[in-house]
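Chemist: Hey, dropping work06.cif in here, mmCIF, C-alpha atoms:
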data_run
#
loop_
_atom_site.label_atom_id
_atom_site.label_comp_id
_atom_site.auth_asym_id
_atom_site.auth_seq_id
_atom_site.Cartn_x
_atom_site.Cartn_y
_atom_site.Cartn_z
CA MET A 1 -6.29 35.34 -7.08
CA SER A 2 -8.37 34.88 -10.21
CA ASN A 3 -10.40 37.76 -11.55
CA ASP A 4 -13.74 35.98 -11.92
CA GLY A 5 -15.43 37.91 -9.12
CA HIS A 6 -15.29 34.98 -6.71
CA SER A 7 -11.69 35.39 -5.52
CA LYS A 8 -10.95 31.74 -6.04
CA ILE A 9 -7.49 30.53 -5.13
CA LYS A 10 -5.79 29.60 -8.39
CA ILE A 11 -3.75 26.42 -7.96
CA LEU A 12 -1.44 24.47 -10.25
CA PHE A 13 -0.49 20.86 -9.45
CA VAL A 14 2.58 19.67 -11.39
CA ILE A 15 3.17 15.92 -11.79
CA HIS A 16 5.28 13.73 -14.09
CA ASP A 17 2.26 11.93 -15.64
CA LEU A 18 -1.05 10.33 -14.61
CA SER A 19 0.01 6.70 -14.86
CA VAL A 20 -1.00 3.69 -12.78
CA GLY A 21 0.93 4.67 -9.60
CA GLY A 22 -0.46 5.48 -6.16
CA ALA A 23 0.56 9.17 -6.07
CA GLU A 24 -1.07 9.77 -9.46
CA LYS A 25 -4.28 8.13 -8.27
CA VAL A 26 -4.48 10.07 -5.01
CA LEU A 27 -3.87 13.36 -6.84
CA ILE A 28 -6.94 12.61 -8.98
CA ASN A 29 -8.91 11.77 -5.80
CA LEU A 30 -7.81 15.03 -4.18
CA VAL A 31 -8.52 17.45 -7.04
CA ASN A 32 -11.82 15.74 -7.92
CA ASN A 33 -13.12 16.39 -4.41
CA MET A 34 -11.93 19.96 -3.84
CA ASP A 35 -14.35 22.85 -3.35
CA TYR A 36 -14.58 24.52 -6.78
CA LEU A 37 -16.25 27.58 -5.29
CA LYS A 38 -13.00 28.27 -3.41
CA PHE A 39 -10.38 26.81 -5.74
CA ASP A 40 -9.61 27.09 -9.44
CA VAL A 41 -7.56 23.93 -10.10
CA THR A 42 -5.21 23.05 -12.96
CA VAL A 43 -3.20 19.83 -13.30
CA LEU A 44 -0.06 20.03 -15.44
CA ALA A 45 1.35 16.63 -16.44
CA LEU A 46 4.84 16.78 -17.92
CA PHE A 47 3.85 13.86 -20.17
CA ASP A 48 0.35 13.25 -21.52
CA GLU A 49 0.28 9.61 -20.50
CA GLY A 50 -1.45 7.39 -17.98
CA VAL A 51 -4.65 5.49 -17.26
CA ASN A 52 -5.64 7.86 -14.44
CA LYS A 53 -6.22 10.80 -16.80
CA GLN A 54 -9.66 9.44 -17.74
CA PHE A 55 -10.86 9.91 -14.14
CA LEU A 56 -10.19 13.66 -13.94
CA ASN A 57 -13.29 15.69 -13.13
CA SER A 58 -14.40 17.92 -16.04
CA LYS A 59 -14.11 20.96 -13.73
CA ILE A 60 -10.34 20.45 -13.49
CA LYS A 61 -8.26 22.19 -16.13
CA TYR A 62 -5.77 19.72 -17.59
CA ARG A 63 -2.57 20.61 -19.44
CA TYR A 64 0.49 18.70 -20.51
CA ALA A 65 3.98 19.74 -21.58
CA PHE A 66 4.90 16.85 -23.92
CA ARG A 67 2.80 14.24 -25.70
CA HIS A 68 5.06 11.29 -24.79
CA ALA A 69 7.71 10.53 -22.20
CA ILE A 70 11.25 10.64 -23.51
CA ARG A 71 13.76 8.10 -22.22
CA GLY A 72 16.14 9.83 -19.80
CA ASN A 73 13.92 12.96 -19.72
CA SER A 74 15.12 14.04 -16.25
CA HIS A 75 18.72 14.16 -17.59
CA TYR A 76 17.66 16.37 -20.51
CA MET A 77 15.76 18.66 -18.17
CA LYS A 78 18.92 19.19 -16.12
CA LEU A 79 20.39 21.02 -19.12
CA LEU A 80 18.01 23.89 -18.31
CA SER A 81 17.83 25.77 -15.02
CA PRO A 82 14.65 25.58 -12.88
CA LYS A 83 13.83 29.19 -13.92
CA GLN A 84 14.14 28.36 -17.62
CA LEU A 85 11.98 25.25 -17.22
CA TYR A 86 9.28 27.14 -15.33
CA ARG A 87 9.20 29.96 -17.89
CA TRP A 88 8.97 27.41 -20.73
CA LEU A 89 6.43 24.98 -19.28
CA VAL A 90 4.21 27.11 -16.99
CA SER A 91 2.75 29.96 -19.02
CA ASP A 92 -0.05 31.16 -16.75
CA GLU A 93 0.03 32.86 -13.33
CA TYR A 94 -1.09 31.06 -10.17
CA ASP A 95 -1.55 31.82 -6.49
CA ILE A 96 -0.04 28.48 -5.46
CA VAL A 97 2.10 26.05 -7.48
CA ILE A 98 2.50 22.54 -6.13
CA SER A 99 5.05 19.93 -7.10
CA TYR A 100 2.96 16.86 -6.30
CA LEU A 101 5.71 14.30 -6.79
CA GLU A 102 9.47 14.13 -6.40
CA GLY A 103 11.55 14.34 -9.56
CA PRO A 104 11.58 16.83 -12.45
CA SER A 105 8.35 18.51 -11.24
CA ALA A 106 10.16 19.62 -8.05
CA ARG A 107 12.88 21.34 -10.10
CA ILE A 108 10.34 23.04 -12.36
CA VAL A 109 8.23 24.41 -9.49
CA ALA A 110 11.38 25.72 -7.76
CA GLY A 111 11.91 27.97 -10.80
CA CYS A 112 8.72 29.91 -10.05
CA PRO A 113 9.45 33.64 -9.63
CA LYS A 114 8.65 34.44 -5.99
CA ASN A 115 6.53 37.54 -6.37
CA LYS A 116 3.01 36.67 -5.18
CA THR A 117 3.05 32.95 -5.89
CA LYS A 118 3.42 30.44 -3.05
CA ILE A 119 5.38 27.22 -3.61
CA VAL A 120 4.46 23.85 -2.12
CA SER A 121 6.55 20.66 -2.43
CA TRP A 122 4.79 17.34 -1.76
CA ILE A 123 6.97 14.36 -0.86
CA HIS A 124 5.63 10.81 -1.29
CA CYS A 125 8.69 8.58 -1.04
CA THR A 126 11.16 7.67 1.68
CA TYR A 127 14.73 8.75 0.95
CA HIS A 128 17.52 6.51 2.23
CA ASN A 129 20.51 8.71 1.28
CA LYS A 130 21.47 12.06 -0.27
CA GLU A 131 22.04 10.46 -3.69
CA GLU A 132 18.41 9.34 -3.91
CA LEU A 133 17.20 12.79 -2.88
CA ALA A 134 19.40 14.53 -5.46
CA LYS A 135 18.61 12.14 -8.35
CA SER A 136 16.45 14.55 -10.39
CA PHE A 137 18.64 17.57 -9.61
CA ARG A 138 22.10 18.47 -10.91
CA ASP A 139 23.54 17.73 -7.47
CA ILE A 140 22.60 17.79 -3.79
CA LYS A 141 23.35 21.53 -3.56
CA GLU A 142 20.80 22.27 -6.25
CA ALA A 143 18.28 20.00 -4.46
CA TYR A 144 18.75 22.00 -1.22
CA LYS A 145 18.45 25.28 -3.11
CA CYS A 146 15.24 24.20 -4.85
CA TYR A 147 13.52 22.84 -1.74
CA GLU A 148 14.54 25.96 0.23
CA LYS A 149 12.22 27.98 -2.04
CA SER A 150 9.19 26.11 -0.71
CA ASP A 151 6.69 27.95 1.49
CA ARG A 152 5.34 24.59 2.66
CA MET A 153 6.66 21.05 2.55
CA ILE A 154 4.00 18.33 2.68
CA PHE A 155 4.77 14.71 3.55
CA VAL A 156 2.49 11.69 3.21
CA SER A 157 3.68 10.18 6.49
CA GLU A 158 5.77 11.07 9.53
CA GLU A 159 8.46 8.55 8.51
CA VAL A 160 8.73 10.11 5.04
CA LYS A 161 9.14 13.53 6.70
CA GLN A 162 11.86 12.37 9.12
CA ALA A 163 13.82 10.65 6.35
CA PHE A 164 13.68 13.77 4.16
CA ILE A 165 14.76 16.15 6.95
CA ARG A 166 17.70 13.85 7.77
CA TYR A 167 19.22 14.51 4.34
CA CYS A 168 17.73 17.92 3.55
CA PRO A 169 17.15 20.14 6.61
CA ILE A 170 14.48 22.70 5.69
CA LYS A 171 13.35 25.89 7.41
CA CYS A 172 9.81 26.23 6.07
CA GLU A 173 6.65 24.98 7.76
CA THR A 174 5.97 21.25 7.29
CA HIS A 175 2.78 19.19 7.42
CA VAL A 176 1.98 15.49 7.32
CA LEU A 177 -1.20 15.10 5.24
CA TYR A 178 -2.58 11.66 4.44
CA ASN A 179 -3.49 10.64 0.91
CA THR A 180 -7.04 11.11 -0.32
CA ASN A 181 -9.07 8.01 -1.08
CA GLU A 182 -12.60 8.14 -2.46
CA SER A 183 -13.73 5.92 0.40
CA GLU A 184 -17.51 6.04 -0.22
CA LYS A 185 -17.06 5.18 -3.92
CA ILE A 186 -14.57 2.42 -3.02
CA ILE A 187 -17.11 0.77 -0.69
CA VAL A 188 -19.81 0.87 -3.40
CA LYS A 189 -17.42 -0.54 -6.04
CA ALA A 190 -16.23 -3.26 -3.65
CA ALA A 191 -19.77 -4.66 -3.58
CA GLU A 192 -19.97 -5.04 -7.38
CA ARG A 193 -20.38 -8.56 -8.74
CA ILE A 194 -17.36 -10.32 -10.25
CA GLU A 195 -18.41 -11.74 -13.62
CA GLU A 196 -15.76 -14.45 -14.04
CA ASP A 197 -15.83 -17.60 -11.91
CA LEU A 198 -12.65 -16.73 -10.03
CA PHE A 199 -13.21 -17.27 -6.32
CA LYS A 200 -13.46 -20.96 -5.44
CA LYS A 201 -14.94 -22.14 -2.15
CA ASN A 202 -12.48 -23.35 0.51
CA THR A 203 -9.49 -21.84 -1.33
CA PHE A 204 -7.53 -19.16 0.55
CA PHE A 205 -7.16 -16.08 -1.66
CA TRP A 206 -4.49 -13.45 -1.02
CA CYS A 207 -3.59 -10.49 -3.18
CA GLY A 208 -1.20 -7.65 -3.93
CA VAL A 209 -1.99 -4.43 -5.82
CA GLY A 210 0.35 -2.00 -7.57
CA LYS A 211 2.64 -1.24 -10.45
CA ILE A 212 4.47 -4.45 -11.40
CA VAL A 213 8.01 -3.21 -10.86
CA PRO A 214 10.80 -4.67 -8.63
CA ASN A 215 10.22 -2.23 -5.75
CA LYS A 216 6.76 -3.71 -5.10
CA GLY A 217 8.20 -7.12 -4.15
CA PHE A 218 5.78 -9.25 -6.18
CA ASP A 219 8.66 -11.70 -6.77
CA ARG A 220 8.70 -12.35 -3.01
CA MET A 221 4.98 -13.08 -3.12
CA THR A 222 5.30 -15.66 -5.94
CA ARG A 223 8.08 -17.48 -4.04
CA ILE A 224 5.98 -17.48 -0.85
CA GLN A 225 3.07 -18.87 -2.91
CA ARG A 226 5.29 -21.78 -4.04
CA ARG A 227 6.25 -22.58 -0.42
CA LEU A 228 2.61 -22.52 0.73
CA LEU A 229 1.60 -24.89 -2.09
CA GLU A 230 4.47 -27.24 -1.28
CA GLU A 231 3.19 -27.38 2.29
CA GLY A 232 -0.22 -28.47 1.06
CA TYR A 233 -2.22 -25.25 1.44
CA ASP A 234 -5.11 -24.69 -0.99
CA VAL A 235 -4.11 -21.13 -1.84
CA GLN A 236 -4.41 -18.72 -4.78
CA LEU A 237 -2.46 -15.46 -5.30
CA LEU A 238 -3.99 -12.56 -7.25
CA ILE A 239 -1.80 -9.74 -8.58
CA LEU A 240 -3.59 -6.58 -9.73
CA GLY A 241 -1.70 -4.03 -11.80
CA THR A 242 0.53 -3.66 -14.84
CA GLY A 243 4.22 -2.98 -15.30
CA TRP A 244 7.32 -3.92 -17.23
CA GLN A 245 8.29 -6.71 -14.78
CA GLN A 246 5.16 -8.77 -15.45
CA LYS A 247 6.68 -11.03 -18.15
CA GLU A 248 9.66 -11.73 -15.89
CA LEU A 249 7.30 -12.69 -13.03
CA GLU A 250 5.19 -14.90 -15.30
CA ASN A 251 8.39 -16.73 -16.32
CA LEU A 252 9.36 -17.06 -12.64
CA CYS A 253 5.93 -18.60 -11.89
CA GLU A 254 6.38 -21.06 -14.76
CA GLU A 255 9.86 -22.07 -13.56
CA ASN A 256 8.50 -22.60 -10.04
CA GLY A 257 5.47 -24.54 -11.27
CA VAL A 258 2.95 -22.08 -9.78
CA SER A 259 1.47 -20.56 -12.96
CA ASN A 260 -1.97 -22.04 -12.22
CA ALA A 261 -1.91 -20.71 -8.65
CA VAL A 262 -0.92 -17.09 -9.48
CA THR A 263 -3.40 -14.98 -11.45
CA PHE A 264 -2.31 -11.71 -13.06
CA LEU A 265 -5.49 -9.67 -13.34
CA GLY A 266 -3.83 -6.68 -15.05
CA TYR A 267 -4.99 -3.11 -14.59
CA GLN A 268 -8.54 -2.95 -13.23
CA THR A 269 -10.65 0.21 -13.03
CA ASN A 270 -12.33 -1.54 -10.10
CA PRO A 271 -9.70 -3.50 -8.14
CA TYR A 272 -11.82 -3.19 -4.98
CA LYS A 273 -14.28 -5.97 -5.84
CA TYR A 274 -11.32 -8.38 -6.06
CA VAL A 275 -9.54 -7.13 -2.92
CA SER A 276 -12.76 -7.24 -0.86
CA ASN A 277 -13.29 -10.89 -1.86
CA CYS A 278 -9.77 -11.91 -0.80
CA ASP A 279 -8.99 -13.41 2.59
CA LEU A 280 -5.81 -11.34 2.94
CA PHE A 281 -4.14 -8.28 1.39
CA VAL A 282 -0.33 -8.26 1.38
CA CYS A 283 2.13 -5.41 0.85
CA ALA A 284 5.58 -6.85 0.04
CA SER A 285 7.23 -3.57 -1.09
CA TYR A 286 10.89 -2.84 -0.45
CA ALA A 287 9.92 0.82 0.13
CA GLU A 288 6.73 2.91 0.26
CA GLY A 289 5.69 6.44 1.20
CA PHE A 290 2.16 5.85 2.44
CA SER A 291 0.71 2.87 0.60
CA THR A 292 -2.53 3.78 -1.20
CA ALA A 293 -3.33 0.13 -1.96
CA THR A 294 -3.04 -0.79 1.75
CA THR A 295 -5.35 2.08 2.75
CA GLU A 296 -7.89 0.86 0.17
CA ALA A 297 -7.68 -2.70 1.54
CA LEU A 298 -8.59 -1.33 4.99
CA ILE A 299 -11.50 0.65 3.53
CA VAL A 300 -12.98 -2.51 1.92
CA GLY A 301 -12.39 -4.49 5.13
CA THR A 302 -9.72 -6.96 3.99
CA PRO A 303 -7.16 -8.02 6.65
CA VAL A 304 -3.65 -6.69 6.02
CA CYS A 305 -0.22 -8.27 6.39
CA THR A 306 2.66 -5.98 5.40
CA VAL A 307 6.40 -5.63 5.63
CA ASN A 308 7.57 -2.67 7.68
CA VAL A 309 7.80 0.25 5.25
CA SER A 310 7.13 3.97 5.80
CA GLY A 311 3.66 4.82 6.98
CA MET A 312 2.58 1.33 8.05
CA LYS A 313 2.88 1.94 11.80
CA GLU A 314 0.89 5.16 11.41
CA MET A 315 -1.72 3.25 9.43
CA LEU A 316 -1.87 -0.02 11.38
CA GLY A 317 -0.64 0.96 14.85
CA GLU A 318 2.66 0.48 16.66
CA ASN A 319 1.54 -2.86 18.09
CA ASP A 320 -0.29 -4.46 15.16
CA GLU A 321 -3.66 -3.07 16.28
CA PHE A 322 -5.24 -2.87 12.83
CA GLY A 323 -3.04 -5.23 10.80
CA VAL A 324 0.12 -7.36 10.94
CA ILE A 325 3.48 -5.65 10.33
CA VAL A 326 6.55 -7.89 9.91
CA GLU A 327 10.26 -7.22 9.28
CA ASN A 328 11.04 -6.24 5.70
CA ASN A 329 12.30 -9.59 4.48
CA GLU A 330 10.79 -12.57 2.69
CA GLU A 331 11.08 -15.06 5.56
CA ALA A 332 9.27 -12.75 8.02
CA LEU A 333 6.53 -12.07 5.46
CA TYR A 334 6.08 -15.81 4.81
CA SER A 335 5.76 -16.44 8.58
CA GLY A 336 3.24 -13.58 8.98
CA ILE A 337 1.03 -14.85 6.14
CA LYS A 338 1.23 -18.45 7.39
CA LYS A 339 0.31 -17.40 10.95
CA LEU A 340 -2.86 -15.68 9.68
CA MET A 341 -3.77 -18.63 7.44
CA ASP A 342 -3.41 -21.01 10.38
CA ASN A 343 -5.52 -18.84 12.72
CA PRO A 344 -9.02 -18.16 11.29
CA GLU A 345 -10.02 -16.35 14.50
CA LEU A 346 -7.03 -13.99 14.22
CA LEU A 347 -7.86 -13.37 10.57
CA LYS A 348 -11.48 -12.60 11.54
CA HIS A 349 -10.21 -10.21 14.24
CA TYR A 350 -8.12 -8.29 11.69
CA LYS A 351 -11.05 -8.14 9.27
CA ASN A 352 -13.07 -6.32 11.96
CA MET A 353 -10.12 -4.07 12.82
CA SER A 354 -9.50 -3.15 9.17
CA ILE A 355 -13.14 -2.07 8.76
CA GLN A 356 -12.77 0.10 11.88
CA ARG A 357 -9.46 1.65 10.72
CA GLY A 358 -10.70 2.24 7.18
CA LYS A 359 -13.20 4.80 8.49
CA ALA A 360 -10.31 7.12 9.47
CA PHE A 361 -9.47 7.66 5.79
CA SER A 362 -12.68 9.34 4.75
CA THR A 363 -12.53 11.52 1.65
CA ALA A 364 -13.91 14.63 3.40
CA GLU A 365 -11.37 14.50 6.23
CA THR A 366 -8.28 14.26 4.02
CA VAL A 367 -9.50 16.83 1.46
CA ASN A 368 -10.43 19.36 4.16
CA ALA A 369 -6.99 19.04 5.73
CA VAL A 370 -5.38 19.97 2.38
CA GLN A 371 -7.82 22.82 1.66
CA ASN A 372 -7.34 24.33 5.12
CA MET A 373 -3.55 24.24 4.64
CA LEU A 374 -3.86 26.02 1.27
CA ILE A 375 -6.24 28.69 2.63
CA ARG A 376 -3.92 29.39 5.58
CA LEU A 377 -0.97 29.64 3.22
CA MET A 378 -2.77 32.30 1.17
CA GLU A 379 -3.63 34.28 4.33
CA GLU A 380 0.04 34.73 5.28
#
How would this structure read if it were set down as structure tokens?
Modeler:
Amino acid sequence: MSNDGHSKIKILFVIHDLSVGGAEKVLINLVNNMDYLKFDVTVLALFDEGVNKQFLNSKIKYRYAFRHAIRGNSHYMKLLSPKQLYRWLVSDEYDIVISYLEGPSARIVAGCPKNKTKIVSWIHCTYHNKEELAKSFRDIKEAYKCYEKSDRMIFVSEEVKQAFIRYCPIKCETHVLYNTNESEKIIVKAAERIEEDLFKKNTFFWCGVGKIVPNKGFDRMTRIQRRLLEEGYDVQLLILGTGWQQKELENLCEENGVSNAVTFLGYQTNPYKYVSNCDLFVCASYAEGFSTATTEALIVGTPVCTVNVSGMKEMLGENDEFGVIVENNEEALYSGIKKLMDNPELLKHYKNMSIQRGKAFSTAETVNAVQNMLIRLMEE
């Protein structure tokens, strides 16, 4: 522990970068709300990039390994062993080192010399085969070897945990710990006034939030929007986020004649005021770990319709208690959205249920669960 007379637990979180993604955002939420009397926290980003960096609390030490991301960086990193990478990129000593995201950070942390330092690996995504799991490692054997060094494995949902164990059986203790959202701040921000004249009366507004990349399924949403318009619905789709696929989606909207009915709002420091004003939040992702954007929709009290990806049944209930879960295909999602649009009473019911469920994701509860795990780990 650090020698400042307070015996703080010295922790290093390692992450690829602090870009627009959900895991990056919830890491910021977590470290910003930790107890600084008990923990001395450092965040090491492999690449000094990302909009979330600006939100780091001044009490958090921030370091980076490289100024900019290099194309194919995970392949270059495989040229060095985990031990070499750790020695090169992590100069200080820590009580606990945490790989907060899959990928190169997991290899680096596995290179930590196991004297007094504890290793934690945090898994956010659902693996569907061994190849996916081994992607950032030299091969599956190296992946096993690296994860075996962990003293704790943390998963963002039970489904993510089960999928990981299926392809990489591990012996260490495991925990499912839900992502940290700054729920109180989100509720305050959701009430902020929207300057532009965006929300028209009697129009049904639905939205999606996230990085604009193929995995998020925004293409599905634009095609569903076209079908709803063809059927005569007065409906507007809002997409919040940025990503390399945006131009492609804008072209798709133009081809389908829906450009005026799909609004790309870009990256917003306050997406909550838009989500809270929408009639419906939709998650169309092909895969998720534990969707941060969906949790935030619940916190602001917007009804949710989602395809069945990891974490949704834990979040919304096995029997659609707190939101509507449909099969992970476009037709089922279209039917789910249409059903809610056609049933105002059902939509109202899910608005009430989302407000109720959102309370379960309080900042204090999720942060305390993480801190207690770290304290127990140090006591072993």
Chemist: Env of Ile119 in chain A: 9 Å cut, atoms = all atoms listed in the file, seq-sep filter 3 positions within chain, self excluded. Answer as a PyMOL selection string.
Modeler: chain A and resi 95-99+109-110+112+114+149-153
Chemist: What's around range 321-335 of chain A at 9 Å? Count all atoms listed in the file, leave out sequence neighbours fewer than 2 positions away in its own chain, and write the answer as a PyMOL selection string.
Modeler: chain A and resi 220-221+223-225+227-228+282+284-286+298+303-309+312-313+315-319+337-340+349-357
Chemist: Tell me which protein, DNA and RNA residues are within 9 Å of Glu184 in chain A, counting all atoms listed in the file, leaving out same-chain ones fewer than 5 positions away, and put them as a PDB file with C-alpha atoms, in the frame of the given file.
Modeler:
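Just written: around-v3.pdb:
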ATOM      1  CA  LYS A 189     -17.420  -0.540  -6.040  1.00  0.00           C
ATOM      2  CA  ILE A 299     -11.500   0.650   3.530  1.00  0.00           C
ATOM      3  CA  SER A 362     -12.680   9.340   4.750  1.00  0.00           C
ATOM      4  CA  THR A 363     -12.530  11.520   1.650  1.00  0.00           C
TER       5      THR A 363
END
Chemist: Running the PyMOL selection byres ((chain A and resi 68-77) around 12) on this model by hand, what would come out? Give it as a count of residues only.
Modeler: 38
Chemist: Got a sec: who's within 12 Å of Gln268 in chain A, counting only C-alpha atoms, leaving out chain neighbours fewer than 2 positions off, as a CSV table (one decimal) with C-alpha atoms, keeping the file's coordinate frame?
Modeler:
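Generated output (selection39.csv):
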chain,number,residue,atom,x,y,z
A,20,VAL,CA,-1.0,3.7,-12.8
A,51,VAL,CA,-4.6,5.5,-17.3
A,52,ASN,CA,-5.6,7.9,-14.4
A,189,LYS,CA,-17.4,-0.5,-6.0
A,194,ILE,CA,-17.4,-10.3,-10.2
A,209,VAL,CA,-2.0,-4.4,-5.8
A,210,GLY,CA,0.4,-2.0,-7.6
A,211,LYS,CA,2.6,-1.2,-10.4
A,239,ILE,CA,-1.8,-9.7,-8.6
A,240,LEU,CA,-3.6,-6.6,-9.7
A,241,GLY,CA,-1.7,-4.0,-11.8
A,242,THR,CA,0.5,-3.7,-14.8
A,264,PHE,CA,-2.3,-11.7,-13.1
A,265,LEU,CA,-5.5,-9.7,-13.3
A,266,GLY,CA,-3.8,-6.7,-15.0
A,270,ASN,CA,-12.3,-1.5,-10.1
A,271,PRO,CA,-9.7,-3.5,-8.1
A,272,TYR,CA,-11.8,-3.2,-5.0
A,273,LYS,CA,-14.3,-6.0,-5.8
A,274,TYR,CA,-11.3,-8.4,-6.1
A,275,VAL,CA,-9.5,-7.1,-2.9
Chemist: Using all atoms listed in the file, can you tell me which of A:Asp279, A:Asp40, A:Glu131, A:Glu195 comes closest to Tyr94 in chain A?
Modeler: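 Closest residue, counting all atoms listed in the file: A:Asp40.
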Chemist: Please list as an mmCIF file with C-alpha atoms, in the coordinates of the input every residue within 12 Å of Leu229 in chain A, counting all atoms listed in the file and excluding residues in the same chain fewer than 6 positions away.
Modeler:
data_model
loop_
_atom_site.group_PDB
_atom_site.id
_atom_site.type_symbol
_atom_site.label_atom_id
_atom_site.label_comp_id
_atom_site.auth_asym_id
_atom_site.auth_seq_id
_atom_site.Cartn_x
_atom_site.Cartn_y
_atom_site.Cartn_z
ATOM 1 C CA THR A 203 -9.490 -21.840 -1.330
ATOM 2 C CA PHE A 204 -7.530 -19.160 0.550
ATOM 3 C CA THR A 222 5.300 -15.660 -5.940
ATOM 4 C CA ARG A 223 8.080 -17.480 -4.040
ATOM 5 C CA VAL A 235 -4.110 -21.130 -1.840
ATOM 6 C CA GLN A 236 -4.410 -18.720 -4.780
ATOM 7 C CA LEU A 237 -2.460 -15.460 -5.300
ATOM 8 C CA ASN A 256 8.500 -22.600 -10.040
ATOM 9 C CA GLY A 257 5.470 -24.540 -11.270
ATOM 10 C CA VAL A 258 2.950 -22.080 -9.780
ATOM 11 C CA SER A 259 1.470 -20.560 -12.960
ATOM 12 C CA ASN A 260 -1.970 -22.040 -12.220
ATOM 13 C CA ALA A 261 -1.910 -20.710 -8.650
ATOM 14 C CA VAL A 262 -0.920 -17.090 -9.480
ATOM 15 C CA LYS A 338 1.230 -18.450 7.390
#
Chemist: In Å, rounded to a single decimal, give me how far CA of Phe290 in chain A is from CA of Glu379 in chain A.
Modeler: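 One can read the CA of Glu379 in chain A to CA of Phe290 in chain A distance as 29.1 Å.
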Chemist: Would you fill the gaps in range 273-290 of chain A so it has N, CA and C atoms, then print it as a short mmCIF file (atom, residue, chain, number, x, y, z; two decimals), keeping the file's coordinate frame?
Modeler:
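Result file follows (result-v2.cif):
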data_model
loop_
_atom_site.label_atom_id
_atom_site.label_comp_id
_atom_site.auth_asym_id
_atom_site.auth_seq_id
_atom_site.Cartn_x
_atom_site.Cartn_y
_atom_site.Cartn_z
N LYS A 273 -13.41 -4.78 -5.91
CA LYS A 273 -14.28 -5.97 -5.84
C LYS A 273 -13.45 -7.24 -5.69
N TYR A 274 -12.22 -7.21 -6.22
CA TYR A 274 -11.32 -8.38 -6.06
C TYR A 274 -10.69 -8.39 -4.67
N VAL A 275 -10.20 -7.23 -4.24
CA VAL A 275 -9.54 -7.13 -2.92
C VAL A 275 -10.52 -7.48 -1.81
N SER A 276 -11.77 -7.00 -1.92
CA SER A 276 -12.76 -7.24 -0.86
C SER A 276 -13.15 -8.72 -0.77
N ASN A 277 -12.96 -9.46 -1.86
CA ASN A 277 -13.29 -10.89 -1.86
C ASN A 277 -12.11 -11.77 -1.43
N CYS A 278 -10.94 -11.15 -1.23
CA CYS A 278 -9.77 -11.91 -0.80
C CYS A 278 -9.76 -12.08 0.72
N ASP A 279 -9.12 -13.15 1.15
CA ASP A 279 -8.99 -13.41 2.59
C ASP A 279 -7.92 -12.54 3.23
N LEU A 280 -6.94 -12.10 2.41
CA LEU A 280 -5.81 -11.34 2.94
C LEU A 280 -5.22 -10.44 1.87
N PHE A 281 -4.88 -9.20 2.25
CA PHE A 281 -4.14 -8.28 1.39
C PHE A 281 -2.70 -8.23 1.90
N VAL A 282 -1.74 -8.28 0.98
CA VAL A 282 -0.33 -8.26 1.38
C VAL A 282 0.42 -7.15 0.67
N CYS A 283 1.21 -6.39 1.43
CA CYS A 283 2.13 -5.41 0.85
C CYS A 283 3.54 -5.96 1.07
N ALA A 284 4.24 -6.26 -0.03
CA ALA A 284 5.58 -6.85 0.04
C ALA A 284 6.67 -5.87 -0.41
N SER A 285 6.33 -4.57 -0.52
CA SER A 285 7.23 -3.57 -1.09
C SER A 285 8.55 -3.43 -0.32
N TYR A 286 9.59 -3.12 -1.07
CA TYR A 286 10.89 -2.84 -0.45
C TYR A 286 10.87 -1.44 0.17
N ALA A 287 10.07 -0.54 -0.41
CA ALA A 287 9.92 0.82 0.13
C ALA A 287 8.57 1.37 -0.29
N GLU A 288 8.00 2.23 0.55
CA GLU A 288 6.73 2.91 0.26
C GLU A 288 6.79 4.29 0.91
N GLY A 289 5.86 5.17 0.51
CA GLY A 289 5.69 6.44 1.20
C GLY A 289 4.55 6.28 2.20
N PHE A 290 3.35 6.16 1.65
CA PHE A 290 2.16 5.85 2.44
C PHE A 290 1.28 5.07 1.48
#
